[in-house]
2 protein chains.
Amino acid sequence: MISTNLLLDFGGKIITYPKGAQLFREGETALNYYQVVSGEVKMNNYNLDGKEFIQGIFASGQSFGEPPLFADVKYPANAEALSDSEVIQLHKSQFLELLASHPDVHLRMTETLAKRLFYKAIMVSEISSQEPEHRILRILDYLKKHVHKLEGPFSFKVDLTRQQIADLTGLRVETVIRATKALEKKGEIKIKSRKVYR
Amino acid sequence: MISTNLLLDFGGKIITYPKGAQLFREGETALNYYQVVSGEVKMNNYNLDGKEFIQGIFASGQSFGEPPLFADVKYPANAEALSDSEVIQLHKSQFLELLASHPDVHLRMTETLAKRLFYKAIMVSEISSQEPEHRILRILDYLKKHVHKLEGPFSFKVDLTRQQIADLTGLRVETVIRATKALEKKGEIKIKSRKVYR
DNA sequence: GAAAGTTTATGATTCAAATCATAATGTGTC
DNA sequence: GACACATTATGATTTGAATCATAAACTTTC
C-alpha cells in the first residue's frame, strides 16, 4: 500500500467504478498502477467454457495489476469491481518515477509482490494436488493469516459465498458446499447461519 | 540475474551441490539469496501421498527463492539440484544492502518477481480449469516465449521428461503421454524421437 | 554386451468430482 | 408482503483423469 497523498502528489486520480465495471481486460497492456480506496475489486479469468477463476480479491489499501508495469507482459487476467468502488489510478511512467525517488516505497512494493508470489506458489501446488477439502482449508488459512492477520480457532468469518470459494479454488459450487459440510463435521471449520468460520 | 562479480563483491560465495542435494526445505526461514551459476535447480512440493509438484526449474543466471527474503514468510517449497550445480549464495542482510545501494539491480529484481508472478497467475488459472492438453500447451508456450525467447512453430525443443511435464502441470505421467500424443495428432506439437517440439 | 534402471507406451478399471436436476432457504426490491 | 433473484442444499448420473498392470523402447553402468 502506498499512501494516498503520495499517489496524488505524483498525479494519481481517484476514479469511481460501479459494481460490475471492468477496469482492464486479460491481454491488454498495463498503463496504470491501481490501488483500492473503497469497495472491492477482483481479478479473474474465464476459461473456454465460461468457468471463472478468481486470481484475487483486493480491498481498501491494496494494489493490484502491478506485475505488467515491471515486466514486459500483458495483463494475465481481468479486473472487475465487486461493489461500487473508488480506485486511485497512477500512470505507469509517474508510478515508476515515484518508486525511483522513494526507495522505501519500492521495497514495500517488492514485498507486496513477494507475498503475492508466496500465495500463488501455495495455491498452484495445492490446486494441482486435488483434494477439495485441502484446497479450501488452504485458501481459508491463507486469507486468515496473511490477509486478515487473525489467529485463534474460528476467529475468521469468511466473507465469501460458496461460489466465490469455488472460483478461488477451481472447484464447483456443489463440491464446495459438500466439502465445507464435511469439514464442519470434522471440526475444521464452523458454519453459523450459512457463514463459514475458520 | 545479478552480475556474479557484484554478488562476490558483497560477500557472495560459490557453492557446489551434487545432483539430488537439497538447498533448502519447505517451511524453513530464508537466509540467503541464491543464483545458479551452472547446472539446474528445481523448486518443488510433495503432497501428502508423495506426489511431486514442480514450482519451477532454474538454470544458469537465474535466481530462486527470493520472495521470503522480502516478505515475512517461510519457504513455500523445497529446492533441489537437478544436476551437479554451482550456486552463488549471498546472505540476506548483504543482499538487501546490495539492493539498497544499487536501485537498478533492485528494479530488475522486481521485474523478475513480476515475471514469475505472471507465470504463476497463468498456471494457477490453467491448472484449475482442468483439460490436460490445455495445461500442457500453456506451460510449453510459456517456457518457449518467456524463458527461451523463441518464436516460430516447433522451434522449441522441450528438454523435459514426460514425468517432469506431469509434475509441472499437476498431471500424471500416463495422462501427459496420452495428451501429448493427442496434441501431436492435432498438429499442435511435434514428437521426434520421443522429444516434444513446440 | 548383458544387466539394471529410466522413460515412454498402452489397455482395463476405478473413483471422485463435475454435471444435471430440482428444491429449499435467504435476501433484496418495488 | 409478494415477486424476483441469489445462495445454499441434496440426490442421481456421467465422465475423464487417476490408478493399476504390464511391457516395450531406450539409456546407463559395470
# chains A, B, ... in the order shown; residues from 1 in each chain; ligands from 1
call {"tool": "interface_residues", "arguments": {"of": "chain B", "to": "chain A", "cutoff": "9 Å", "atoms": "only C-alpha atoms", "output": "PyMOL selection string"}}
result
chain B and resi 44-48+51-55+66-77+100+103+106-130+169-171
call {"tool": "calpha_fit_and_write", "arguments": {"fixed": "chain B", "moving": "chain A", "output": "compact mmCIF listing (two decimals) with C-alpha atoms, in the first residue's frame"}}
result
# COMPACT_ATOMS: atom_id res chain seq x y z
CA MET A 1 20.03 -12.03 -12.82
CA ILE A 2 22.63 -10.12 -10.86
CA SER A 3 26.21 -10.00 -12.12
CA THR A 4 28.42 -12.61 -10.49
CA ASN A 5 31.11 -10.06 -9.70
CA LEU A 6 28.69 -7.80 -7.90
CA LEU A 7 27.45 -10.71 -5.81
CA LEU A 8 31.01 -11.73 -4.97
CA ASP A 9 31.85 -8.12 -4.07
CA PHE A 10 29.08 -8.16 -1.51
CA GLY A 11 30.29 -11.38 0.03
CA GLY A 12 28.60 -14.00 -2.12
CA LYS A 13 30.09 -17.48 -2.18
CA ILE A 14 29.99 -20.08 -4.92
CA ILE A 15 28.89 -23.41 -3.55
CA THR A 16 28.77 -26.72 -5.36
CA TYR A 17 25.86 -29.08 -4.87
CA PRO A 18 25.81 -32.63 -6.21
CA LYS A 19 22.79 -33.86 -8.11
CA GLY A 20 19.93 -34.51 -5.72
CA ALA A 21 21.20 -32.25 -2.92
CA GLN A 22 18.64 -30.14 -1.11
CA LEU A 23 19.47 -26.44 -0.79
CA PHE A 24 16.55 -25.65 1.47
CA ARG A 25 13.26 -27.13 2.57
CA GLU A 26 9.65 -26.01 2.59
CA GLY A 27 8.86 -24.25 5.86
CA GLU A 28 12.40 -23.11 6.58
CA THR A 29 13.34 -19.48 7.11
CA ALA A 30 15.11 -17.86 4.18
CA LEU A 31 18.69 -16.89 4.94
CA ASN A 32 20.26 -16.46 1.52
CA TYR A 33 19.84 -15.17 -1.97
CA TYR A 34 20.53 -17.96 -4.49
CA GLN A 35 21.57 -17.69 -8.10
CA VAL A 36 22.49 -20.57 -10.38
CA VAL A 37 25.95 -20.41 -11.96
CA SER A 38 25.90 -23.80 -13.65
CA GLY A 39 23.63 -26.80 -13.55
CA GLU A 40 19.91 -26.75 -12.75
CA VAL A 41 17.87 -26.40 -9.61
CA LYS A 42 14.19 -27.18 -9.17
CA MET A 43 11.77 -25.96 -6.54
CA ASN A 44 9.09 -28.43 -5.60
CA ASN A 45 6.45 -29.59 -3.16
CA TYR A 46 5.37 -33.05 -2.17
CA ASN A 47 1.78 -33.55 -1.17
CA LEU A 48 0.55 -35.94 1.46
CA ASP A 49 0.72 -39.03 -0.69
CA GLY A 50 4.12 -38.22 -2.10
CA LYS A 51 3.10 -36.72 -5.41
CA GLU A 52 5.53 -34.06 -6.57
CA PHE A 53 4.68 -30.62 -7.86
CA ILE A 54 7.46 -28.63 -9.54
CA GLN A 55 7.14 -24.90 -8.91
CA GLY A 56 9.93 -24.06 -11.31
CA ILE A 57 13.22 -25.13 -12.83
CA PHE A 58 16.07 -22.64 -12.71
CA ALA A 59 19.16 -22.68 -14.90
CA SER A 60 22.33 -20.63 -15.26
CA GLY A 61 21.85 -16.98 -14.38
CA GLN A 62 18.47 -17.44 -12.74
CA SER A 63 17.76 -16.70 -9.11
CA PHE A 64 15.22 -18.53 -6.98
CA GLY A 65 13.74 -18.51 -3.52
CA GLU A 66 13.84 -14.71 -3.17
CA PRO A 67 10.27 -13.92 -2.05
CA PRO A 68 10.83 -14.99 1.59
CA LEU A 69 13.79 -12.57 1.71
CA PHE A 70 11.37 -9.68 1.20
CA ALA A 71 8.17 -10.84 2.81
CA ASP A 72 7.99 -12.30 6.27
CA VAL A 73 7.14 -15.84 5.18
CA LYS A 74 8.80 -19.25 5.18
CA TYR A 75 9.88 -21.09 2.06
CA PRO A 76 6.76 -22.36 0.27
CA ALA A 77 8.74 -25.17 -1.38
CA ASN A 78 11.96 -27.20 -1.39
CA ALA A 79 14.96 -26.53 -3.62
CA GLU A 80 16.89 -29.45 -5.07
CA ALA A 81 19.77 -29.71 -7.54
CA LEU A 82 18.63 -31.48 -10.71
CA SER A 83 22.24 -31.98 -11.78
CA ASP A 84 25.60 -31.19 -10.23
CA SER A 85 25.30 -27.45 -9.80
CA GLU A 86 27.20 -24.36 -8.77
CA VAL A 87 25.17 -21.76 -6.97
CA ILE A 88 26.10 -18.33 -5.66
CA GLN A 89 24.80 -17.74 -2.17
CA LEU A 90 24.62 -14.31 -0.64
CA HIS A 91 23.47 -13.71 2.89
CA LYS A 92 20.12 -11.96 3.24
CA SER A 93 21.46 -8.86 4.98
CA GLN A 94 24.17 -8.36 2.37
CA PHE A 95 21.70 -9.00 -0.40
CA LEU A 96 19.41 -6.29 0.90
CA GLU A 97 22.38 -3.93 1.22
CA LEU A 98 23.27 -4.68 -2.37
CA LEU A 99 19.77 -3.77 -3.52
CA ALA A 100 19.70 -0.61 -1.41
CA SER A 101 22.91 0.63 -2.95
CA HIS A 102 22.01 -0.43 -6.50
CA PRO A 103 18.50 0.77 -7.37
CA ASP A 104 18.82 -0.52 -10.92
CA VAL A 105 19.50 -4.02 -9.62
CA HIS A 106 16.55 -3.71 -7.27
CA LEU A 107 14.31 -2.74 -10.18
CA ARG A 108 15.46 -5.73 -12.20
CA MET A 109 14.78 -7.93 -9.17
CA THR A 110 11.25 -6.54 -9.00
CA GLU A 111 10.91 -7.27 -12.68
CA THR A 112 11.96 -10.87 -12.09
CA LEU A 113 9.36 -11.28 -9.35
CA ALA A 114 6.74 -9.68 -11.58
CA LYS A 115 7.47 -12.15 -14.36
CA ARG A 116 7.32 -15.06 -12.02
CA LEU A 117 4.00 -13.80 -10.70
CA PHE A 118 2.72 -13.58 -14.25
CA TYR A 119 3.68 -17.20 -14.84
CA LYS A 120 2.05 -18.35 -11.62
CA ALA A 121 -1.12 -16.43 -12.40
CA ILE A 122 -1.35 -18.21 -15.72
CA MET A 123 -0.57 -21.61 -14.28
CA VAL A 124 -2.96 -21.39 -11.37
CA SER A 125 -5.85 -20.41 -13.62
CA GLU A 126 -4.88 -22.98 -16.20
CA ILE A 127 -4.45 -25.82 -13.75
CA SER A 128 -7.75 -25.02 -12.11
CA SER A 129 -9.54 -25.09 -15.43
CA GLN A 130 -8.62 -28.75 -15.96
CA GLU A 131 -8.19 -30.03 -19.53
CA PRO A 132 -4.78 -31.70 -19.62
CA GLU A 133 -3.96 -30.78 -23.20
CA HIS A 134 -4.53 -27.11 -22.48
CA ARG A 135 -2.40 -27.18 -19.38
CA ILE A 136 0.47 -28.78 -21.23
CA LEU A 137 0.32 -26.37 -24.15
CA ARG A 138 0.26 -23.44 -21.78
CA ILE A 139 3.34 -24.43 -19.93
CA LEU A 140 5.17 -25.23 -23.14
CA ASP A 141 4.19 -21.87 -24.60
CA TYR A 142 5.26 -20.10 -21.47
CA LEU A 143 8.66 -21.78 -21.45
CA LYS A 144 9.09 -21.17 -25.14
CA LYS A 145 8.18 -17.50 -25.08
CA HIS A 146 9.26 -16.25 -21.68
CA VAL A 147 12.14 -18.49 -20.70
CA HIS A 148 13.78 -19.45 -23.98
CA LYS A 149 12.55 -16.42 -25.97
CA LEU A 150 11.79 -18.47 -29.05
CA GLU A 151 9.36 -17.88 -31.89
CA GLY A 152 8.18 -19.85 -34.87
CA PRO A 153 6.47 -23.23 -34.97
CA PHE A 154 8.29 -26.20 -33.43
CA SER A 155 11.39 -24.10 -32.74
CA PHE A 156 11.32 -25.11 -29.09
CA LYS A 157 12.78 -28.47 -28.18
CA VAL A 158 11.32 -29.35 -24.82
CA ASP A 159 14.05 -30.66 -22.61
CA LEU A 160 11.72 -32.18 -20.06
CA THR A 161 10.71 -35.75 -19.46
CA ARG A 162 7.03 -36.62 -19.53
CA GLN A 163 7.26 -37.05 -15.79
CA GLN A 164 8.60 -33.52 -15.36
CA ILE A 165 5.85 -32.11 -17.53
CA ALA A 166 3.43 -34.03 -15.35
CA ASP A 167 4.94 -32.59 -12.17
CA LEU A 168 4.84 -29.07 -13.58
CA THR A 169 1.21 -29.32 -14.60
CA GLY A 170 -0.10 -31.42 -11.76
CA LEU A 171 -0.99 -34.29 -14.08
CA ARG A 172 0.13 -37.91 -14.10
CA VAL A 173 2.72 -39.34 -16.48
CA GLU A 174 0.28 -41.53 -18.33
CA THR A 175 -2.03 -38.59 -18.85
CA VAL A 176 0.82 -36.47 -20.20
CA ILE A 177 1.90 -39.25 -22.57
CA ARG A 178 -1.63 -39.65 -23.92
CA ALA A 179 -2.22 -35.91 -24.10
CA THR A 180 1.02 -35.20 -25.94
CA LYS A 181 0.13 -37.88 -28.47
CA ALA A 182 -3.27 -36.31 -28.95
CA LEU A 183 -1.63 -32.90 -29.34
CA GLU A 184 0.72 -34.29 -31.95
CA LYS A 185 -2.19 -35.71 -33.90
CA LYS A 186 -3.81 -32.27 -33.81
CA GLY A 187 -0.61 -30.69 -35.11
CA GLU A 188 -0.08 -28.58 -32.01
CA ILE A 189 3.27 -30.16 -31.24
CA LYS A 190 5.76 -32.47 -32.94
CA ILE A 191 7.38 -35.51 -31.40
CA LYS A 192 10.73 -36.55 -32.85
CA SER A 193 12.54 -39.49 -31.26
CA ARG A 194 10.44 -39.07 -28.11
CA LYS A 195 11.29 -35.41 -27.69
CA VAL A 196 8.51 -32.85 -27.79
CA TYR A 197 8.83 -29.83 -30.08
CA ARG A 198 6.61 -26.78 -29.86
call {"tool": "select_by_dssp", "arguments": {"residues": "range 14-189 of chain A", "states": "strand (DSSP E or B)", "output": "number ranges by chain"}}
result
A: 14-17, 22-24, 32-38, 41-46, 52-58, 63-64, 78-81, 85-91, 157-158
call {"tool": "atom_distance", "arguments": {"atom1": "C1' of DT22 in chain C", "atom2": "C1' of DA17 in chain D"}}
result
28.5 Å
call {"tool": "interface_residues", "arguments": {"of": "chain D", "to": "chain A", "cutoff": "12 Å", "atoms": "only C-alpha atoms (C1' of nucleotides)", "output": "PyMOL selection string"}}
result
chain D and resi 6-11+17-18
call {"tool": "write_last_selection", "arguments": {"atoms": "C-alpha atoms (C1' of nucleotides)", "output": "CSV table (one decimal), in the first residue's frame"}}
result
chain,number,residue,atom,x,y,z
D,6,DA,C1',-29.1,-15.2,-5.3
D,7,DT,C1',-27.4,-18.7,-2.4
D,8,DT,C1',-27.3,-23.0,-0.2
D,9,DA,C1',-28.7,-27.8,-0.3
D,10,DT,C1',-29.1,-32.6,-1.9
D,11,DG,C1',-29.7,-36.6,-4.7
D,17,DA,C1',-8.3,-38.5,-15.3
D,18,DA,C1',-6.1,-41.4,-11.8
call {"tool": "closest_atom_pairs", "arguments": {"of": "chain C", "to": "chain A", "cutoff": "10 Å", "atoms": "only C-alpha atoms (C1' of nucleotides)", "output": "Markdown table"}}
result
| residue | atom | partner | partner_atom | distance |
| --- | --- | --- | --- | --- |
| C:DA16 | C1' | A:Glu131 | CA | 9.3 |
| C:DA17 | C1' | A:Thr175 | CA | 7.2 |
| C:DA18 | C1' | A:Arg172 | CA | 7.5 |
| C:DT19 | C1' | A:Arg172 | CA | 9.8 |
| C:DG26 | C1' | A:Arg194 | CA | 9.7 |
call {"tool": "residues_around", "arguments": {"residues": "DT6 in chain C", "least_positions_apart": "5", "cutoff": "9 Å", "atoms": "only C-alpha atoms (C1' of nucleotides)", "output": "PyMOL selection string"}}
result
chain D and resi 26-28
call {"tool": "write_last_selection", "arguments": {"atoms": "N, CA and C atoms (P, O5', C5', C4', C3', O3' and C1' of nucleotides)", "output": "PDB file, in the first residue's frame"}}
result
ATOM      1  P    DC D  26      13.454 -46.818 -29.638  1.00  0.00           P
ATOM      2  O5'  DC D  26      14.476 -46.236 -28.578  1.00  0.00           O
ATOM      3  C5'  DC D  26      14.018 -45.223 -27.669  1.00  0.00           C
ATOM      4  C4'  DC D  26      14.852 -45.222 -26.419  1.00  0.00           C
ATOM      5  C3'  DC D  26      16.366 -45.105 -26.631  1.00  0.00           C
ATOM      6  O3'  DC D  26      16.751 -43.792 -26.265  1.00  0.00           O
ATOM      7  C1'  DC D  26      15.791 -46.503 -24.797  1.00  0.00           C
ATOM      8  P    DT D  27      18.264 -43.324 -26.300  1.00  0.00           P
ATOM      9  O5'  DT D  27      18.731 -43.654 -24.815  1.00  0.00           O
ATOM     10  C5'  DT D  27      18.018 -43.114 -23.710  1.00  0.00           C
ATOM     11  C4'  DT D  27      18.826 -43.330 -22.435  1.00  0.00           C
ATOM     12  C3'  DT D  27      20.336 -43.086 -22.567  1.00  0.00           C
ATOM     13  O3'  DT D  27      20.737 -42.290 -21.473  1.00  0.00           O
ATOM     14  C1'  DT D  27      19.930 -45.248 -21.658  1.00  0.00           C
ATOM     15  P    DT D  28      22.247 -41.827 -21.313  1.00  0.00           P
ATOM     16  O5'  DT D  28      22.730 -42.766 -20.110  1.00  0.00           O
ATOM     17  C5'  DT D  28      21.955 -42.818 -18.920  1.00  0.00           C
ATOM     18  C4'  DT D  28      22.498 -43.884 -17.994  1.00  0.00           C
ATOM     19  C3'  DT D  28      24.017 -43.817 -17.766  1.00  0.00           C
ATOM     20  O3'  DT D  28      24.254 -43.851 -16.362  1.00  0.00           O
ATOM     21  C1'  DT D  28      23.362 -46.006 -18.385  1.00  0.00           C
TER      22       DT D  28
END
call {"tool": "atom_distance", "arguments": {"atom1": "C1' of DT27 in chain C", "atom2": "C1' of DG1 in chain D"}}
result
13.9 Å
call {"tool": "decode", "arguments": {"residues": "range 13-68 of chain A", "atoms": "C-alpha atoms", "output": "PDB file, in the first residue's frame"}}
result
ATOM      1  CA  LYS A  13      -6.533  10.290  -9.786  1.00  0.00           C
ATOM      2  CA  ILE A  14      -9.384   8.801  -7.810  1.00  0.00           C
ATOM      3  CA  ILE A  15     -11.862   7.138 -10.108  1.00  0.00           C
ATOM      4  CA  THR A  16     -15.210   5.647  -9.203  1.00  0.00           C
ATOM      5  CA  TYR A  17     -16.346   2.384 -10.731  1.00  0.00           C
ATOM      6  CA  PRO A  18     -19.852   0.992 -10.322  1.00  0.00           C
ATOM      7  CA  LYS A  19     -20.322  -2.612  -9.307  1.00  0.00           C
ATOM      8  CA  GLY A  20     -19.548  -4.885 -12.234  1.00  0.00           C
ATOM      9  CA  ALA A  21     -17.392  -2.392 -14.146  1.00  0.00           C
ATOM     10  CA  GLN A  22     -14.268  -3.727 -15.808  1.00  0.00           C
ATOM     11  CA  LEU A  23     -11.059  -1.818 -15.074  1.00  0.00           C
ATOM     12  CA  PHE A  24      -8.962  -3.757 -17.542  1.00  0.00           C
ATOM     13  CA  ARG A  25      -9.039  -6.977 -19.503  1.00  0.00           C
ATOM     14  CA  GLU A  26      -6.796 -10.001 -19.866  1.00  0.00           C
ATOM     15  CA  GLY A  27      -4.329  -9.451 -22.699  1.00  0.00           C
ATOM     16  CA  GLU A  28      -4.324  -5.668 -22.507  1.00  0.00           C
ATOM     17  CA  THR A  29      -1.181  -3.622 -21.978  1.00  0.00           C
ATOM     18  CA  ALA A  30      -0.788  -2.210 -18.491  1.00  0.00           C
ATOM     19  CA  LEU A  31      -0.944   1.573 -18.377  1.00  0.00           C
ATOM     20  CA  ASN A  32      -1.662   2.337 -14.737  1.00  0.00           C
ATOM     21  CA  TYR A  33      -0.942   1.498 -11.161  1.00  0.00           C
ATOM     22  CA  TYR A  34      -4.195   0.738  -9.313  1.00  0.00           C
ATOM     23  CA  GLN A  35      -4.927   0.914  -5.621  1.00  0.00           C
ATOM     24  CA  VAL A  36      -8.302   0.402  -3.983  1.00  0.00           C
ATOM     25  CA  VAL A  37      -9.580   3.277  -1.846  1.00  0.00           C
ATOM     26  CA  SER A  38     -13.002   1.860  -1.061  1.00  0.00           C
ATOM     27  CA  GLY A  39     -15.014  -1.090  -2.266  1.00  0.00           C
ATOM     28  CA  GLU A  40     -13.582  -4.336  -3.645  1.00  0.00           C
ATOM     29  CA  VAL A  41     -12.028  -5.383  -6.909  1.00  0.00           C
ATOM     30  CA  LYS A  42     -11.453  -8.913  -8.145  1.00  0.00           C
ATOM     31  CA  MET A  43      -9.062 -10.182 -10.773  1.00  0.00           C
ATOM     32  CA  ASN A  44     -10.287 -13.160 -12.714  1.00  0.00           C
ATOM     33  CA  ASN A  45     -10.059 -15.362 -15.775  1.00  0.00           C
ATOM     34  CA  TYR A  46     -12.736 -17.126 -17.743  1.00  0.00           C
ATOM     35  CA  ASN A  47     -11.824 -20.366 -19.425  1.00  0.00           C
ATOM     36  CA  LEU A  48     -13.172 -21.569 -22.728  1.00  0.00           C
ATOM     37  CA  ASP A  49     -16.472 -22.818 -21.386  1.00  0.00           C
ATOM     38  CA  GLY A  50     -17.093 -19.760 -19.271  1.00  0.00           C
ATOM     39  CA  LYS A  51     -15.947 -21.064 -15.916  1.00  0.00           C
ATOM     40  CA  GLU A  52     -14.492 -18.314 -13.759  1.00  0.00           C
ATOM     41  CA  PHE A  53     -11.250 -18.416 -11.831  1.00  0.00           C
ATOM     42  CA  ILE A  54     -10.626 -15.662  -9.280  1.00  0.00           C
ATOM     43  CA  GLN A  55      -6.952 -14.737  -9.037  1.00  0.00           C
ATOM     44  CA  GLY A  56      -7.519 -12.476  -6.067  1.00  0.00           C
ATOM     45  CA  ILE A  57      -9.873 -10.092  -4.312  1.00  0.00           C
ATOM     46  CA  PHE A  58      -8.495  -6.709  -3.341  1.00  0.00           C
ATOM     47  CA  ALA A  59      -9.939  -4.366  -0.737  1.00  0.00           C
ATOM     48  CA  SER A  60      -9.162  -0.926   0.637  1.00  0.00           C
ATOM     49  CA  GLY A  61      -5.462  -0.107   0.598  1.00  0.00           C
ATOM     50  CA  GLN A  62      -4.474  -2.988  -1.650  1.00  0.00           C
ATOM     51  CA  SER A  63      -2.922  -2.569  -5.064  1.00  0.00           C
ATOM     52  CA  PHE A  64      -3.398  -4.947  -7.967  1.00  0.00           C
ATOM     53  CA  GLY A  65      -2.281  -5.492 -11.523  1.00  0.00           C
ATOM     54  CA  GLU A  66       1.269  -4.224 -10.917  1.00  0.00           C
ATOM     55  CA  PRO A  67       3.387  -7.044 -12.403  1.00  0.00           C
ATOM     56  CA  PRO A  68       2.849  -5.969 -16.044  1.00  0.00           C
TER      57      PRO A  68
END
